[in-house]
>>> print(open('data10.txt').read())   # compact mmCIF, C-alpha atoms (C1' of nucleotides)
# COMPACT_ATOMS: atom_id res chain seq x y z
CA MET S 1 28.42 25.23 -7.72
CA THR S 2 26.35 27.00 -10.32
CA GLU S 3 24.25 24.10 -11.56
CA THR S 4 20.66 24.90 -12.25
CA SER S 5 19.30 21.38 -11.83
CA PRO S 6 19.43 19.56 -8.46
CA ALA S 7 22.06 16.89 -8.01
CA PRO S 8 21.14 13.18 -8.26
CA THR S 9 21.42 12.99 -4.50
CA ASP S 10 18.19 14.94 -4.25
CA HIS S 11 16.36 12.19 -6.04
CA HIS S 12 17.79 9.79 -3.52
CA ALA S 13 16.43 11.98 -0.73
CA ILE S 14 13.04 12.19 -2.39
CA ALA S 15 13.00 8.43 -2.82
CA ALA S 16 13.77 7.98 0.87
CA GLY S 17 11.14 10.51 1.88
CA LEU S 18 8.43 8.91 -0.23
CA GLU S 19 9.17 5.61 1.48
CA GLY S 20 7.79 6.92 4.75
CA LEU S 21 4.50 8.02 3.25
CA ILE S 22 2.96 4.56 3.17
CA GLY S 23 2.39 4.54 6.90
CA LEU S 24 0.82 7.98 6.67
CA LEU S 25 -1.53 6.89 3.90
CA ARG S 26 -2.58 3.79 5.79
CA VAL S 27 -3.05 5.60 9.07
CA LEU S 28 -5.18 8.20 7.31
CA SER S 29 -7.45 5.50 5.92
CA PRO S 30 -10.47 4.20 7.79
CA SER S 31 -9.69 0.82 9.29
CA GLY S 32 -12.48 -1.32 7.95
CA GLY S 33 -12.49 0.18 4.48
CA PRO S 34 -11.14 -0.94 1.13
CA SER S 35 -7.43 -1.51 0.57
CA LEU S 36 -5.06 1.25 -0.50
CA THR S 37 -4.95 -0.09 -4.05
CA THR S 38 -8.73 -0.29 -4.23
CA ALA S 39 -9.06 3.29 -3.07
CA SER S 40 -6.36 4.45 -5.45
CA THR S 41 -8.06 2.71 -8.36
CA LEU S 42 -11.40 4.31 -7.54
CA HIS S 43 -9.64 7.66 -7.29
CA ARG S 44 -8.15 7.13 -10.74
CA LEU S 45 -11.51 6.19 -12.24
CA ASP S 46 -13.03 9.27 -10.66
CA THR S 47 -10.29 11.60 -11.84
CA ALA S 48 -9.33 10.26 -15.25
CA GLY S 49 -12.72 8.86 -16.17
CA PRO S 50 -13.51 5.43 -17.64
CA SER S 51 -10.30 3.50 -18.24
CA ARG S 52 -9.11 0.33 -19.88
CA LEU S 53 -8.40 -2.47 -17.47
CA SER S 54 -4.81 -2.78 -18.63
CA ASP S 55 -4.23 0.95 -18.14
CA LEU S 56 -5.53 0.67 -14.60
CA ALA S 57 -3.16 -2.20 -13.92
CA ALA S 58 -0.18 -0.27 -15.28
CA GLY S 59 -1.16 2.88 -13.39
CA GLU S 60 -1.52 1.11 -10.07
CA GLY S 61 1.61 -0.94 -10.58
CA VAL S 62 -0.14 -4.32 -10.36
CA THR S 63 -0.47 -7.14 -12.87
CA GLN S 64 -3.38 -7.54 -15.24
CA PRO S 65 -4.83 -10.57 -13.40
CA ALA S 66 -4.67 -8.66 -10.12
CA MET S 67 -6.60 -5.79 -11.67
CA THR S 68 -9.10 -8.23 -13.16
CA GLN S 69 -9.87 -9.47 -9.66
CA LEU S 70 -9.84 -6.00 -8.13
CA VAL S 71 -12.37 -4.80 -10.71
CA SER S 72 -14.47 -7.91 -10.08
CA ARG S 73 -14.51 -7.06 -6.37
CA LEU S 74 -15.44 -3.45 -7.14
CA GLU S 75 -18.21 -4.69 -9.42
CA ARG S 76 -19.52 -7.11 -6.79
CA GLN S 77 -19.67 -4.22 -4.32
CA GLY S 78 -21.39 -2.00 -6.86
CA LEU S 79 -18.57 0.55 -6.88
CA ALA S 80 -17.60 0.13 -10.53
CA GLU S 81 -18.78 -1.66 -13.64
CA ARG S 82 -17.36 -3.15 -16.81
CA ARG S 83 -18.51 -1.98 -20.20
CA GLY S 84 -17.43 -2.99 -23.64
CA HIS S 85 -15.47 -0.95 -26.12
CA GLN S 86 -17.11 -0.11 -29.43
CA GLN S 87 -14.13 -0.26 -31.75
CA ASP S 88 -12.09 -3.02 -30.09
CA ARG S 89 -14.14 -5.77 -28.55
CA ARG S 90 -11.20 -7.21 -26.64
CA VAL S 91 -11.08 -4.11 -24.49
CA VAL S 92 -12.89 -3.74 -21.16
CA MET S 93 -13.66 -0.21 -20.08
CA VAL S 94 -14.12 0.26 -16.35
CA HIS S 95 -16.54 2.92 -15.11
CA ILE S 96 -17.01 4.18 -11.57
CA THR S 97 -20.60 4.06 -10.35
CA GLU S 98 -22.49 6.63 -8.36
CA ALA S 99 -22.00 4.52 -5.25
CA GLY S 100 -18.28 4.47 -5.97
CA THR S 101 -18.13 8.24 -6.20
CA ARG S 102 -20.06 8.48 -2.97
CA LEU S 103 -17.72 6.13 -1.13
CA LEU S 104 -14.74 8.09 -2.41
CA GLY S 105 -16.28 11.28 -1.05
CA GLN S 106 -16.77 9.72 2.36
CA ARG S 107 -13.19 8.48 2.47
CA ARG S 108 -11.90 11.90 1.49
CA ALA S 109 -13.95 13.63 4.13
CA HIS S 110 -12.60 11.20 6.71
CA ARG S 111 -9.05 11.75 5.54
CA ALA S 112 -9.46 15.50 5.37
CA ALA S 113 -10.68 15.57 8.96
CA ALA S 114 -7.73 13.45 10.09
CA LEU S 115 -5.37 15.69 8.13
CA THR S 116 -6.83 18.78 9.76
CA ARG S 117 -6.06 17.30 13.16
CA LEU S 118 -2.55 16.31 12.10
CA LEU S 119 -1.72 19.63 10.45
CA ALA S 120 -2.86 21.53 13.51
CA SER S 121 0.24 20.23 15.29
CA LEU S 122 2.64 21.36 12.58
CA PRO S 123 3.93 24.81 11.64
CA ALA S 124 1.70 26.61 9.14
CA GLU S 125 4.55 26.72 6.62
CA ASP S 126 4.44 22.96 6.38
CA GLU S 127 0.86 23.01 5.26
CA LEU S 128 1.64 25.69 2.71
CA SER S 129 4.60 23.85 1.23
CA ILE S 130 2.65 20.61 1.04
CA ALA S 131 -0.24 22.35 -0.66
CA ALA S 132 2.22 24.02 -3.04
CA ALA S 133 3.84 20.71 -3.96
CA LEU S 134 0.57 18.86 -4.46
CA PRO S 135 0.04 19.70 -8.15
CA ALA S 136 3.60 18.56 -8.86
CA LEU S 137 3.04 15.31 -6.97
CA VAL S 138 -0.17 14.73 -8.89
CA ARG S 139 1.67 15.28 -12.16
CA LEU S 140 4.40 12.93 -11.00
CA ALA S 141 1.85 10.27 -10.19
CA ALA S 142 0.22 10.83 -13.57
CA MET S 143 3.59 10.43 -15.29
CA ALA S 144 4.09 7.13 -13.52
CA SER S 145 0.66 5.99 -14.68
CA SER S 146 1.23 6.24 -18.38
CA GLY S 147 3.31 3.52 -19.89
CA SER S 148 5.52 3.40 -16.85
CA GLU S 149 6.19 -0.32 -16.82
CA ARG S 150 8.36 0.12 -19.86
CA TRP S 151 11.08 2.03 -18.04
CA VAL S 152 10.36 2.04 -14.32
CA ARG S 153 9.80 -1.49 -13.11
CA SER S 154 12.75 -3.74 -12.64
CA MET K 1 -9.75 37.16 0.91
CA THR K 2 -7.17 38.05 3.52
CA GLU K 3 -7.21 34.87 5.60
CA THR K 4 -3.85 33.69 6.79
CA SER K 5 -4.71 30.05 7.26
CA PRO K 6 -5.94 27.86 4.38
CA ALA K 7 -9.59 26.94 4.29
CA PRO K 8 -10.73 23.43 5.29
CA THR K 9 -11.32 22.75 1.61
CA ASP K 10 -7.57 22.64 1.13
CA HIS K 11 -7.34 19.68 3.43
CA HIS K 12 -9.92 18.00 1.27
CA ALA K 13 -7.76 18.70 -1.77
CA ILE K 14 -4.68 17.36 -0.02
CA ALA K 15 -6.59 14.26 1.02
CA ALA K 16 -7.64 13.70 -2.59
CA GLY K 17 -4.14 14.30 -3.87
CA LEU K 18 -2.56 11.88 -1.45
CA GLU K 19 -4.99 9.24 -2.64
CA GLY K 20 -3.30 9.09 -6.00
CA LEU K 21 0.17 8.55 -4.59
CA ILE K 22 -0.28 4.85 -3.90
CA GLY K 23 0.04 3.98 -7.56
CA LEU K 24 3.16 6.08 -7.77
CA LEU K 25 4.73 4.37 -4.78
CA ARG K 26 3.93 0.92 -6.10
CA VAL K 27 5.14 1.70 -9.60
CA LEU K 28 8.39 3.05 -8.16
CA SER K 29 8.96 -0.18 -6.25
CA PRO K 30 10.78 -3.15 -7.76
CA SER K 31 8.26 -5.79 -8.72
CA GLY K 32 9.67 -8.83 -6.96
CA GLY K 33 10.61 -7.03 -3.78
CA PRO K 34 9.05 -6.72 -0.35
CA SER K 35 5.61 -5.19 0.14
CA LEU K 36 5.04 -1.48 0.62
CA THR K 37 4.39 -1.98 4.33
CA THR K 38 7.54 -4.06 4.74
CA ALA K 39 9.62 -1.38 3.05
CA SER K 40 7.97 1.34 5.09
CA THR K 41 8.63 -0.56 8.32
CA LEU K 42 12.30 -1.04 7.45
CA HIS K 43 12.50 2.66 6.62
CA ARG K 44 11.05 3.50 10.00
CA LEU K 45 13.50 1.23 11.82
CA ASP K 46 16.33 2.80 9.89
CA THR K 47 15.22 6.35 10.57
CA ALA K 48 13.80 6.24 14.07
CA GLY K 49 16.02 3.45 15.36
CA PRO K 50 14.96 0.38 17.39
CA SER K 51 11.25 0.47 18.09
CA ARG K 52 8.64 -1.36 20.11
CA LEU K 53 6.53 -3.73 18.08
CA SER K 54 3.33 -1.97 19.08
CA ASP K 55 4.74 1.40 18.03
CA LEU K 56 5.61 -0.03 14.65
CA ALA K 57 2.08 -1.35 14.26
CA ALA K 58 0.56 2.01 15.16
CA GLY K 59 2.95 3.90 12.92
CA GLU K 60 2.26 1.72 9.90
CA GLY K 61 -1.46 1.66 10.52
CA VAL K 62 -1.69 -2.11 10.87
CA THR K 63 -2.79 -4.33 13.75
CA GLN K 64 -0.44 -5.79 16.32
CA PRO K 65 -0.79 -9.37 15.00
CA ALA K 66 -0.03 -8.16 11.48
CA MET K 67 3.13 -6.48 12.74
CA THR K 68 4.08 -9.61 14.70
CA GLN K 69 4.01 -11.57 11.45
CA LEU K 70 5.71 -8.84 9.45
CA VAL K 71 8.56 -8.74 11.99
CA SER K 72 8.74 -12.54 11.93
CA ARG K 73 9.13 -12.41 8.16
CA LEU K 74 11.79 -9.73 8.44
CA GLU K 75 13.60 -11.84 11.03
CA ARG K 76 13.40 -14.95 8.86
CA GLN K 77 14.93 -12.98 5.99
CA GLY K 78 17.63 -11.58 8.27
CA LEU K 79 16.51 -7.98 7.75
CA ALA K 80 15.56 -7.26 11.37
CA GLU K 81 15.76 -8.92 14.77
CA ARG K 82 13.86 -8.98 18.03
CA ARG K 83 15.55 -8.04 21.27
CA GLY K 84 14.20 -7.83 24.77
CA HIS K 85 13.60 -4.72 26.84
CA GLN K 86 15.53 -4.38 30.08
CA GLN K 87 12.94 -2.63 32.22
CA ASP K 88 9.74 -4.19 30.89
CA ARG K 89 10.07 -7.80 29.85
CA ARG K 90 6.77 -7.82 28.02
CA VAL K 91 8.20 -5.44 25.42
CA VAL K 92 9.85 -6.54 22.19
CA MET K 93 12.29 -4.09 20.65
CA VAL K 94 12.80 -4.50 16.91
CA HIS K 95 16.21 -3.67 15.43
CA ILE K 96 17.16 -3.39 11.76
CA THR K 97 20.15 -5.52 10.75
CA GLU K 98 23.00 -4.61 8.50
CA ALA K 99 21.40 -6.65 5.71
CA GLY K 100 18.19 -4.67 6.24
CA THR K 101 20.01 -1.38 5.87
CA ARG K 102 21.68 -2.68 2.75
CA LEU K 103 18.40 -3.77 1.17
CA LEU K 104 16.91 -0.38 1.96
CA GLY K 105 19.80 1.29 0.19
CA GLN K 106 19.29 -0.85 -2.89
CA ARG K 107 15.59 -0.07 -2.99
CA ARG K 108 16.28 3.63 -2.65
CA ALA K 109 18.83 3.58 -5.43
CA HIS K 110 16.29 1.81 -7.64
CA ARG K 111 13.60 4.31 -6.78
CA ALA K 112 15.90 7.26 -7.19
CA ALA K 113 16.82 6.10 -10.68
CA ALA K 114 13.16 5.67 -11.59
CA LEU K 115 12.41 9.10 -10.13
CA THR K 116 15.18 10.67 -12.17
CA ARG K 117 13.60 9.29 -15.33
CA LEU K 118 10.14 10.46 -14.27
CA LEU K 119 11.23 13.93 -13.19
CA ALA K 120 13.06 14.47 -16.45
CA SER K 121 9.66 14.71 -18.14
CA LEU K 122 8.33 17.33 -15.76
CA PRO K 123 9.06 21.05 -15.43
CA ALA K 124 12.01 21.81 -13.17
CA GLU K 125 9.76 23.78 -10.80
CA ASP K 126 7.89 20.59 -9.97
CA GLU K 127 11.03 18.95 -8.72
CA LEU K 128 11.88 22.01 -6.66
CA SER K 129 8.46 22.24 -5.04
CA ILE K 130 8.45 18.53 -4.25
CA ALA K 131 11.90 18.76 -2.72
CA ALA K 132 10.77 21.81 -0.76
CA ALA K 133 7.72 20.02 0.61
CA LEU K 134 9.57 16.86 1.55
CA PRO K 135 10.60 17.85 5.08
CA ALA K 136 7.01 18.85 5.79
CA LEU K 137 5.72 15.54 4.46
CA VAL K 138 8.23 13.69 6.59
CA ARG K 139 7.09 15.61 9.66
CA LEU K 140 3.47 14.89 8.76
CA ALA K 141 4.24 11.18 8.47
CA ALA K 142 6.07 11.33 11.79
CA MET K 143 3.04 13.02 13.41
CA ALA K 144 0.82 10.25 12.15
CA SER K 145 3.19 7.67 13.61
CA SER K 146 2.99 8.76 17.20
CA GLY K 147 -0.16 7.84 19.01
CA SER K 148 -2.22 8.41 15.91
CA GLU K 149 -4.71 5.61 16.40
CA ARG K 150 -6.23 7.52 19.25
CA TRP K 151 -7.65 10.29 17.07
CA VAL K 152 -7.17 9.40 13.45
CA ARG K 153 -8.61 5.96 12.81
CA SER K 154 -12.32 5.57 12.55
C1' DT N 1 0.88 -13.49 -34.59
C1' DA N 2 0.07 -9.98 -31.20
C1' DT N 3 -2.97 -7.99 -27.87
C1' DT N 4 -6.63 -7.92 -24.21
C1' DG N 5 -8.45 -9.93 -20.67
C1' DT N 6 -9.70 -14.17 -17.77
C1' DT N 7 -8.99 -18.54 -15.20
C1' DA N 8 -6.21 -21.63 -12.18
C1' DT N 9 -3.17 -22.04 -8.54
C1' DA N 10 -0.22 -20.91 -4.85
C1' DC N 11 1.60 -17.70 -1.76
C1' DT N 12 1.79 -13.32 0.89
C1' DC N 13 -0.42 -10.19 3.79
C1' DT N 14 -4.01 -8.68 6.95
C1' DA N 15 -7.85 -8.63 10.48
C1' DT N 16 -10.54 -10.61 14.41
C1' DA N 17 -10.69 -13.48 18.31
C1' DA N 18 -8.60 -16.11 21.79
C1' DC N 19 -4.53 -16.86 24.32
C1' DT N 20 0.12 -16.32 27.27
C1' DA N 21 3.24 -13.68 29.94
C1' DT N 22 4.42 -9.69 32.43
C1' DA N 23 3.22 -5.49 34.94
C1' DT D 1 -6.90 -5.84 36.02
C1' DA D 2 -4.31 -3.82 32.22
C1' DT D 3 -0.70 -4.10 28.82
C1' DA D 4 2.61 -6.35 25.24
C1' DG D 5 2.88 -9.68 22.30
C1' DT D 6 1.68 -14.31 20.06
C1' DT D 7 -1.18 -18.00 18.00
C1' DA D 8 -5.18 -19.62 15.26
C1' DT D 9 -8.15 -19.03 11.63
C1' DA D 10 -10.22 -17.10 7.70
C1' DG D 11 -10.30 -14.01 4.08
C1' DA D 12 -8.40 -10.43 0.92
C1' DG D 13 -4.93 -9.40 -2.37
C1' DT D 14 -1.18 -10.57 -5.47
C1' DA D 15 1.91 -12.97 -8.91
C1' DT D 16 3.03 -16.51 -12.45
C1' DA D 17 1.49 -19.58 -15.87
C1' DA D 18 -1.82 -21.18 -19.00
C1' DC D 19 -5.86 -20.06 -21.55
C1' DA D 20 -9.76 -17.81 -24.68
C1' DA D 21 -11.25 -14.23 -27.64
C1' DT D 22 -10.42 -10.59 -30.72
C1' DA D 23 -7.49 -7.90 -33.73
>>> encode(input="data10.txt", output="structure tokens")
Amino acid sequence: MTETSPAPTDHHAIAAGLEGLIGLLRVLSPSGGPSLTTASTLHRLDTAGPSRLSDLAAGEGVTQPAMTQLVSRLERQGLAERRGHQQDRRVVMVHITEAGTRLLGQRRAHRAAALTRLLASLPAEDELSIAAALPALVRLAAMASSGSERWVRS
Amino acid sequence: MTETSPAPTDHHAIAAGLEGLIGLLRVLSPSGGPSLTTASTLHRLDTAGPSRLSDLAAGEGVTQPAMTQLVSRLERQGLAERRGHQQDRRVVMVHITEAGTRLLGQRRAHRAAALTRLLASLPAEDELSIAAALPALVRLAAMASSGSERWVRS
DNA sequence: TATTGTTATACTCTATAACTATA
DNA sequence: TATAGTTATAGAGTATAACAATA
């Protein structure tokens, strides 16, 4: 075999591996806190900046009405706020607030501490390979965020 | 800098990176299908074999009552079944059924296809680094599964 | 007419508290 | 008395369908 690109089977393996990450993500989250989708949405607002409501919905893989309610909850808790769009008045731009950024920081600190404890029990190479793959995973997640529903969802 | 182990800041970066994966996981899942936790639980049953209900709850980061209901739903759909434990009759062992394994395979095929489309837009190195990190991520998830609530949850 | 977002409604999923059965 | 699991209840989160406003 002299192929330069991995066989399709590898994608199957990656798909199976990703499946097990949900438990990890949930276990790493503080128990009383916001849901995984809420946290992910805040993370997106923090990273990508103010976003259209429909883009948020597509990026998180939920419907527009679900995102409407999620943003309403965030707004009620003071973690985000709606603002209008100058050119197109149909559009709602969602902004993260200072309190939202703060909450995100707390969650990350909590998760980082939990990760430190977890990683201490694993070989050092594991940490290195995970750290090495992180930018790629972030790019992958970003790919999925942009116009994904057109070709990913069933 | 000649340190051999990564600084604590790296864990913070990993924690932040993992935060964005939820959207990816949801987008990669078929819309009408079971929830992320349901899929993750089936995956665990398929990988680790028959498990105690309480272990499933701890591994998925949900409460025991939530797992009771999740297992009841799985049972109603014929994807898993409860069996007794010989030594300790308080214990419920959860087994995946053939139909459960089949559903898991379908989901994985769906995800793998979506991944193939996504990865096609990224540099080949990204795919390689993700594939390389996968075993480590699986081990990390497995670490989190076993007795995690004692030292991870807040 | 098409797009953006919201409202209405029903259902799934989850947590807390109280309970039963077994150890 | 402690542990494994269930039941009861309430609330969060989600989807589909129907709607309003803007382009």
>>> atom_distance(input="data10.txt", atom1="atom CA of S:Leu104", atom2="atom CA of S:Thr41")
10.4 Å
>>> calpha_fit_and_write(input="data10.txt", fixed="chain K", moving="chain S", output="compact mmCIF listing (two decimals) with C-alpha atoms, in the frame of the given file")
# COMPACT_ATOMS: atom_id res chain seq x y z
CA MET S 1 -10.74 37.20 2.27
CA THR S 2 -7.95 38.02 4.66
CA GLU S 3 -7.63 34.70 6.45
CA THR S 4 -4.12 33.61 7.19
CA SER S 5 -4.82 29.88 7.40
CA PRO S 6 -6.00 27.89 4.35
CA ALA S 7 -9.66 26.94 4.18
CA PRO S 8 -10.80 23.39 5.06
CA THR S 9 -11.28 22.78 1.36
CA ASP S 10 -7.51 22.69 0.98
CA HIS S 11 -7.32 19.72 3.27
CA HIS S 12 -9.89 18.05 1.08
CA ALA S 13 -7.69 18.73 -1.94
CA ILE S 14 -4.63 17.41 -0.16
CA ALA S 15 -6.54 14.30 0.86
CA ALA S 16 -7.57 13.73 -2.75
CA GLY S 17 -4.05 14.33 -4.01
CA LEU S 18 -2.49 11.91 -1.54
CA GLU S 19 -4.91 9.25 -2.75
CA GLY S 20 -3.17 9.11 -6.11
CA LEU S 21 0.26 8.56 -4.63
CA ILE S 22 -0.23 4.87 -3.93
CA GLY S 23 0.11 3.96 -7.57
CA LEU S 24 3.25 6.07 -7.80
CA LEU S 25 4.79 4.37 -4.78
CA ARG S 26 4.00 0.92 -6.10
CA VAL S 27 5.22 1.67 -9.60
CA LEU S 28 8.45 3.03 -8.16
CA SER S 29 9.03 -0.20 -6.24
CA PRO S 30 10.86 -3.16 -7.73
CA SER S 31 8.37 -5.83 -8.72
CA GLY S 32 9.69 -8.86 -6.92
CA GLY S 33 10.61 -7.05 -3.73
CA PRO S 34 9.00 -6.75 -0.32
CA SER S 35 5.56 -5.21 0.12
CA LEU S 36 5.02 -1.49 0.63
CA THR S 37 4.36 -1.99 4.33
CA THR S 38 7.48 -4.10 4.74
CA ALA S 39 9.59 -1.45 3.05
CA SER S 40 7.98 1.31 5.08
CA THR S 41 8.63 -0.57 8.31
CA LEU S 42 12.28 -1.10 7.42
CA HIS S 43 12.52 2.59 6.56
CA ARG S 44 11.10 3.47 9.97
CA LEU S 45 13.53 1.17 11.77
CA ASP S 46 16.38 2.71 9.81
CA THR S 47 15.30 6.28 10.47
CA ALA S 48 13.91 6.21 13.99
CA GLY S 49 16.11 3.41 15.29
CA PRO S 50 15.05 0.36 17.32
CA SER S 51 11.33 0.51 18.05
CA ARG S 52 8.72 -1.27 20.10
CA LEU S 53 6.56 -3.63 18.12
CA SER S 54 3.38 -1.84 19.13
CA ASP S 55 4.82 1.51 18.03
CA LEU S 56 5.65 0.03 14.65
CA ALA S 57 2.10 -1.25 14.30
CA ALA S 58 0.62 2.14 15.19
CA GLY S 59 3.03 3.97 12.88
CA GLU S 60 2.29 1.77 9.90
CA GLY S 61 -1.43 1.76 10.56
CA VAL S 62 -1.71 -2.02 10.96
CA THR S 63 -2.80 -4.16 13.90
CA GLN S 64 -0.44 -5.63 16.45
CA PRO S 65 -0.86 -9.22 15.18
CA ALA S 66 -0.12 -8.06 11.64
CA MET S 67 3.08 -6.41 12.82
CA THR S 68 3.99 -9.52 14.80
CA GLN S 69 3.87 -11.52 11.58
CA LEU S 70 5.60 -8.84 9.53
CA VAL S 71 8.48 -8.74 12.02
CA SER S 72 8.62 -12.54 11.99
CA ARG S 73 8.96 -12.44 8.20
CA LEU S 74 11.66 -9.77 8.45
CA GLU S 75 13.46 -11.89 11.04
CA ARG S 76 13.22 -15.02 8.89
CA GLN S 77 14.76 -13.07 6.01
CA GLY S 78 17.48 -11.70 8.26
CA LEU S 79 16.41 -8.09 7.73
CA ALA S 80 15.50 -7.35 11.35
CA GLU S 81 15.69 -8.97 14.76
CA ARG S 82 13.82 -8.97 18.04
CA ARG S 83 15.54 -8.05 21.26
CA GLY S 84 14.22 -7.78 24.76
CA HIS S 85 13.71 -4.65 26.78
CA GLN S 86 15.67 -4.27 30.00
CA GLN S 87 13.13 -2.48 32.16
CA ASP S 88 9.89 -3.99 30.85
CA ARG S 89 10.15 -7.61 29.86
CA ARG S 90 6.82 -7.60 28.05
CA VAL S 91 8.25 -5.28 25.44
CA VAL S 92 9.87 -6.44 22.19
CA MET S 93 12.32 -4.06 20.62
CA VAL S 94 12.82 -4.50 16.89
CA HIS S 95 16.22 -3.73 15.37
CA ILE S 96 17.15 -3.48 11.71
CA THR S 97 20.10 -5.64 10.71
CA GLU S 98 22.98 -4.79 8.45
CA ALA S 99 21.34 -6.80 5.68
CA GLY S 100 18.17 -4.79 6.21
CA THR S 101 20.02 -1.52 5.84
CA ARG S 102 21.67 -2.84 2.72
CA LEU S 103 18.38 -3.89 1.15
CA LEU S 104 16.91 -0.49 1.95
CA GLY S 105 19.84 1.17 0.19
CA GLN S 106 19.31 -0.94 -2.91
CA ARG S 107 15.61 -0.13 -3.01
CA ARG S 108 16.33 3.56 -2.64
CA ALA S 109 18.88 3.53 -5.41
CA HIS S 110 16.37 1.78 -7.64
CA ARG S 111 13.67 4.27 -6.76
CA ALA S 112 15.98 7.23 -7.16
CA ALA S 113 16.93 6.08 -10.65
CA ALA S 114 13.26 5.66 -11.58
CA LEU S 115 12.49 9.08 -10.12
CA THR S 116 15.29 10.65 -12.14
CA ARG S 117 13.73 9.26 -15.30
CA LEU S 118 10.26 10.43 -14.28
CA LEU S 119 11.35 13.91 -13.21
CA ALA S 120 13.20 14.42 -16.47
CA SER S 121 9.81 14.66 -18.18
CA LEU S 122 8.46 17.29 -15.81
CA PRO S 123 9.19 21.01 -15.49
CA ALA S 124 12.13 21.76 -13.19
CA GLU S 125 9.85 23.73 -10.87
CA ASP S 126 7.99 20.56 -10.04
CA GLU S 127 11.11 18.92 -8.76
CA LEU S 128 11.94 21.98 -6.70
CA SER S 129 8.51 22.22 -5.11
CA ILE S 130 8.49 18.51 -4.31
CA ALA S 131 11.92 18.74 -2.76
CA ALA S 132 10.79 21.80 -0.80
CA ALA S 133 7.72 20.02 0.54
CA LEU S 134 9.56 16.84 1.49
CA PRO S 135 10.58 17.86 5.03
CA ALA S 136 6.98 18.87 5.72
CA LEU S 137 5.69 15.55 4.39
CA VAL S 138 8.20 13.70 6.55
CA ARG S 139 7.04 15.65 9.59
CA LEU S 140 3.44 14.91 8.67
CA ALA S 141 4.20 11.22 8.42
CA ALA S 142 6.01 11.38 11.75
CA MET S 143 2.99 13.08 13.33
CA ALA S 144 0.78 10.29 12.08
CA SER S 145 3.15 7.73 13.58
CA SER S 146 2.93 8.83 17.16
CA GLY S 147 -0.20 7.87 18.96
CA SER S 148 -2.26 8.43 15.87
CA GLU S 149 -4.78 5.66 16.38
CA ARG S 150 -6.28 7.64 19.20
CA TRP S 151 -7.67 10.37 16.97
CA VAL S 152 -7.19 9.41 13.33
CA ARG S 153 -8.60 5.96 12.72
CA SER S 154 -12.31 5.53 12.45
>>> atom_distance(input="data10.txt", atom1="atom CA of S:Leu137", atom2="atom CA of K:Val62")
25.4 Å
>>> residues_near_point(input="data10.txt", point="(4.4, -20.5, -13.7)", cutoff="12 Å", atoms="all atoms listed in the file", output="PDB file with C-alpha atoms (C1' of nucleotides), keeping the file's coordinate frame")
ATOM      1  C1'  DA N   8      -6.210 -21.630 -12.180  1.00  0.00           C
ATOM      2  C1'  DT N   9      -3.170 -22.040  -8.540  1.00  0.00           C
ATOM      3  C1'  DA N  10      -0.220 -20.910  -4.850  1.00  0.00           C
TER       4       DA N  10
ATOM      5  C1'  DA D  15       1.910 -12.970  -8.910  1.00  0.00           C
ATOM      6  C1'  DT D  16       3.030 -16.510 -12.450  1.00  0.00           C
ATOM      7  C1'  DA D  17       1.490 -19.580 -15.870  1.00  0.00           C
ATOM      8  C1'  DA D  18      -1.820 -21.180 -19.000  1.00  0.00           C
TER       9       DA D  18
END
>>> residues_around(input="data10.txt", residues="S:Ala109", least_positions_apart="2", cutoff="10 Å", atoms="all atoms listed in the file", output="ChimeraX atom specification")
/S:103-107,111-115 /K:9,11-13,15-16
>>> atom_distance(input="data10.txt", atom1="atom C1' of D:DT6", atom2="atom CA of K:Thr97")
22.5 Å
>>> residues_around(input="data10.txt", residues="stretch 67-79 of chain K", least_positions_apart="2", cutoff="6 Å", atoms="all atoms listed in the file", output="PyMOL selection string")
chain K and resi 57+64-65+81+97+99-100
>>> interface_residues(input="data10.txt", of="chain D", to="chain S", cutoff="8 Å", atoms="only C-alpha atoms (C1' of nucleotides)", output="JSON, numbers by chain")
{"D": [13, 14, 15, 21, 22, 23]}
>>> interface_residues(input="data10.txt", of="chain S", to="chain K", cutoff="6 Å", atoms="only C-alpha atoms", output="PyMOL selection string")
chain S and resi 11-12+15+19-20+23-24+26-27+30+40+60-61+108+111-112+114+126+129-130+133+136+141+144+152-154
>>> closest_residue(input="data10.txt", among="K:His85, K:His95, K:Pro50, K:Ser146", to="N:DT22", atoms="all atoms listed in the file")
K:His85
